[in-house]
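S.K.: This is the structure, below, for whatever I ask next.
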Amino acid sequence: MLIHRDTLISDEVITEDFVCNISKCKGICCVEGDFGAPLEEEEINHIKADYKKIKPYMTEAGRHVVKEKGFYEQDPEHELVTTLVKGRECVFAKNENGTWQCAIEQAFQDGKTEFRKPLSCHLYPVRISKIGSLTALNYDRWAICGDACKLGSELKVRVYKFCKDSLIRKFGEEWYGELTEVANDYIEATEMTKE
């Protein structure tokens with residue numbers, strides 16, 4: 001575990017390789033899992049404010065669930081998560097030509113909203129949790145991301161580099177620049193101990 005400012009960062013975020021390979025996984029992370037995508041309070045406010053602009057990108061089933069239950073709920077640990085359609089896909093997920101995509105992100109790409117998508121989705125495979133006053137960043141291994149690990153290894157892209165945009169979104173450019181230096185030092189020191 002590395003300490004950088006007020007964050008604890010799992011070694012695997014620095015050492016493991018990962019590049020999302022949607023051509024192989026078909027965006028199945030929008031469907032698999034027991035609960036929806038984790039949400040932060042401010043993200044709920046963004047989605048509420050822009051829901052009318054996001055709604056046209058959603059499936060009819062997703063819109064129906066939002067009308068009946070809302071677009072977020074609490075999981076058993078009282079964390080806020082997106083609501084699911086029939087206990088399966090996220091209400092914002094839609095399947096186009098065999099690949100699952102995010103309605104929020106499509107609205108963002110079309111300039112309809114400034115909110116890109118939930119940070120938890122943008123950051124994946126990094127998961128954030130709190131440990132006291134510190135923020136912990138952990139690498140979340142999931143079997144459905146096997147092709148992403150393989151592609152990351154082929155391209156030699158570490159998790160923290162793959163997540164550059166989302167980490168900057170969360171912590172800022174200065175924090176990320178410092179993380180890059182910390183990561184380089186850590187990798188260099190680790191390689192030296194192997195010699």
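Please note that chains go A, B, ... in the order of the structure tokens, that every chain numbers its residues from 1, and that ligands are numbered from 1 in the order shown.
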I'd like the neighbourhood of Val65 in chain A as a ChimeraX atom specification, where a residue qualifies if any of its atoms comes within 8 Å (using only C-alpha atoms), though same-chain residues fewer than 2 positions away should be ignored.
M.R.: /A:61-63,67-71,83-85,91
S.K.: May I have the residues within 7 Å of Ala103 in chain A as a list in words, using only C-alpha atoms and disregarding those fewer than 4 positions away in the same chain?
M.R.: Ile54, Tyr57, Met58, Phe92, Ala93, Lys94 and Ala107 of chain A
S.K.: Using the selection just defined, write its residues with all heavy atoms as an mmCIF file, in the first residue's frame.
M.R.:
```cif
data_model
loop_
_atom_site.group_PDB
_atom_site.id
_atom_site.type_symbol
_atom_site.label_atom_id
_atom_site.label_comp_id
_atom_site.auth_asym_id
_atom_site.auth_seq_id
_atom_site.Cartn_x
_atom_site.Cartn_y
_atom_site.Cartn_z
ATOM 1 N N ILE A 54 -31.025 13.222 -20.438
ATOM 2 C CA ILE A 54 -30.487 11.857 -20.478
ATOM 3 C C ILE A 54 -31.560 10.852 -20.891
ATOM 4 O O ILE A 54 -31.289 9.879 -21.603
ATOM 5 C CB ILE A 54 -29.902 11.480 -19.088
ATOM 6 C CG1 ILE A 54 -28.732 12.393 -18.724
ATOM 7 C CG2 ILE A 54 -29.483 10.012 -19.044
ATOM 8 C CD1 ILE A 54 -28.331 12.347 -17.254
ATOM 9 N N TYR A 57 -31.967 8.884 -24.214
ATOM 10 C CA TYR A 57 -30.918 7.905 -24.531
ATOM 11 C C TYR A 57 -31.159 6.564 -23.837
ATOM 12 O O TYR A 57 -30.464 5.587 -24.113
ATOM 13 C CB TYR A 57 -29.549 8.453 -24.117
ATOM 14 C CG TYR A 57 -29.110 9.644 -24.920
ATOM 15 C CD1 TYR A 57 -29.481 10.936 -24.556
ATOM 16 C CD2 TYR A 57 -28.321 9.489 -26.059
ATOM 17 C CE1 TYR A 57 -29.083 12.033 -25.294
ATOM 18 C CE2 TYR A 57 -27.917 10.586 -26.806
ATOM 19 C CZ TYR A 57 -28.306 11.857 -26.423
ATOM 20 O OH TYR A 57 -27.912 12.942 -27.156
ATOM 21 N N MET A 58 -32.110 6.519 -22.930
ATOM 22 C CA MET A 58 -32.372 5.324 -22.135
ATOM 23 C C MET A 58 -33.337 4.374 -22.836
ATOM 24 O O MET A 58 -34.058 4.766 -23.753
ATOM 25 C CB MET A 58 -32.947 5.727 -20.770
ATOM 26 C CG MET A 58 -32.005 6.542 -19.922
ATOM 27 S SD MET A 58 -32.809 7.250 -18.465
ATOM 28 C CE MET A 58 -33.283 5.768 -17.572
ATOM 29 N N PHE A 92 -29.498 2.948 -16.624
ATOM 30 C CA PHE A 92 -28.927 3.795 -17.672
ATOM 31 C C PHE A 92 -28.221 2.989 -18.764
ATOM 32 O O PHE A 92 -27.677 3.559 -19.707
ATOM 33 C CB PHE A 92 -27.960 4.811 -17.059
ATOM 34 C CG PHE A 92 -28.633 5.784 -16.134
ATOM 35 C CD1 PHE A 92 -28.447 5.715 -14.770
ATOM 36 C CD2 PHE A 92 -29.490 6.754 -16.637
ATOM 37 C CE1 PHE A 92 -29.085 6.601 -13.909
ATOM 38 C CE2 PHE A 92 -30.139 7.646 -15.795
ATOM 39 C CZ PHE A 92 -29.937 7.567 -14.425
ATOM 40 N N ALA A 93 -28.232 1.657 -18.642
ATOM 41 C CA ALA A 93 -27.575 0.804 -19.639
ATOM 42 C C ALA A 93 -28.519 0.518 -20.795
ATOM 43 O O ALA A 93 -29.715 0.346 -20.607
ATOM 44 C CB ALA A 93 -27.130 -0.502 -18.993
ATOM 45 N N LYS A 94 -27.946 0.473 -21.984
ATOM 46 C CA LYS A 94 -28.743 0.062 -23.139
ATOM 47 C C LYS A 94 -27.857 -0.722 -24.089
ATOM 48 O O LYS A 94 -26.660 -0.448 -24.215
ATOM 49 C CB LYS A 94 -29.391 1.247 -23.830
ATOM 50 C CG LYS A 94 -28.459 2.274 -24.410
ATOM 51 C CD LYS A 94 -29.264 3.432 -24.933
ATOM 52 C CE LYS A 94 -28.660 4.020 -26.186
ATOM 53 N NZ LYS A 94 -29.520 4.998 -26.807
ATOM 54 N N ALA A 107 -25.248 10.870 -23.718
ATOM 55 C CA ALA A 107 -25.762 12.241 -23.636
ATOM 56 C C ALA A 107 -24.601 13.216 -23.475
ATOM 57 O O ALA A 107 -24.586 14.299 -24.078
ATOM 58 C CB ALA A 107 -26.751 12.375 -22.483
#
```
S.K.: Write out as a PyMOL selection string the residues lying within 12 Å of range 179-186 of chain A, counting only C-alpha atoms and excluding same-chain residues fewer than 6 positions away.
M.R.: chain A and resi 1-16+158-161+163-164+167-168+171-173+192-193
S.K.: Which neighbours of Glu43 in chain A fall inside 9 Å, counting only C-alpha atoms, when residues of the same chain fewer than 5 positions from it are skipped, and could you give them as a PyMOL selection string?
M.R.: chain A and resi 48+115+117-119
S.K.: Between CA of Thr113 in chain A and CA of Lys53 in chain A, what is the distance, to one decimal in Å?
M.R.: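 Value for the CA of Thr113 in chain A-CA of Lys53 in chain A distance: 7.0 Å.
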S.K.: Using only C-alpha atoms, which residue out of A:Glu154, A:Glu105, A:Glu42, A:Glu73 lies closest to Cys121 in chain A?
M.R.: A:Glu105
S.K.: Would you mind telling me which residue in A:Lys86, A:Lys150, A:Lys156, A:Lys130 lies nearest to Asp34 in chain A when using only C-alpha atoms?
M.R.: A:Lys86
S.K.: Using only C-alpha atoms, pick whichever of A:Gly177, A:Pro125, A:Gly36, A:Gln109 has the shortest atom-to-atom distance to Cys145 in chain A.
M.R.: A:Pro125
S.K.: Would you mind writing down, as a PyMOL selection string, each residue of chain A that DSSP on the backbone assigns to helix (DSSP H, G or I)?
M.R.: chain A and resi 11-15+22-25+28-30+41-57+60-69+103-109+119-123+143-155+159-162+164-171+173-194
S.K.: Considering only strand (DSSP E or B) as DSSP defines it on the backbone, what residues of range 79-171 of chain A qualify? List them as a ChimeraX atom specification.
M.R.: /A:80-82,84-85,89-90,93-96,99-102,126-131,134-139,158
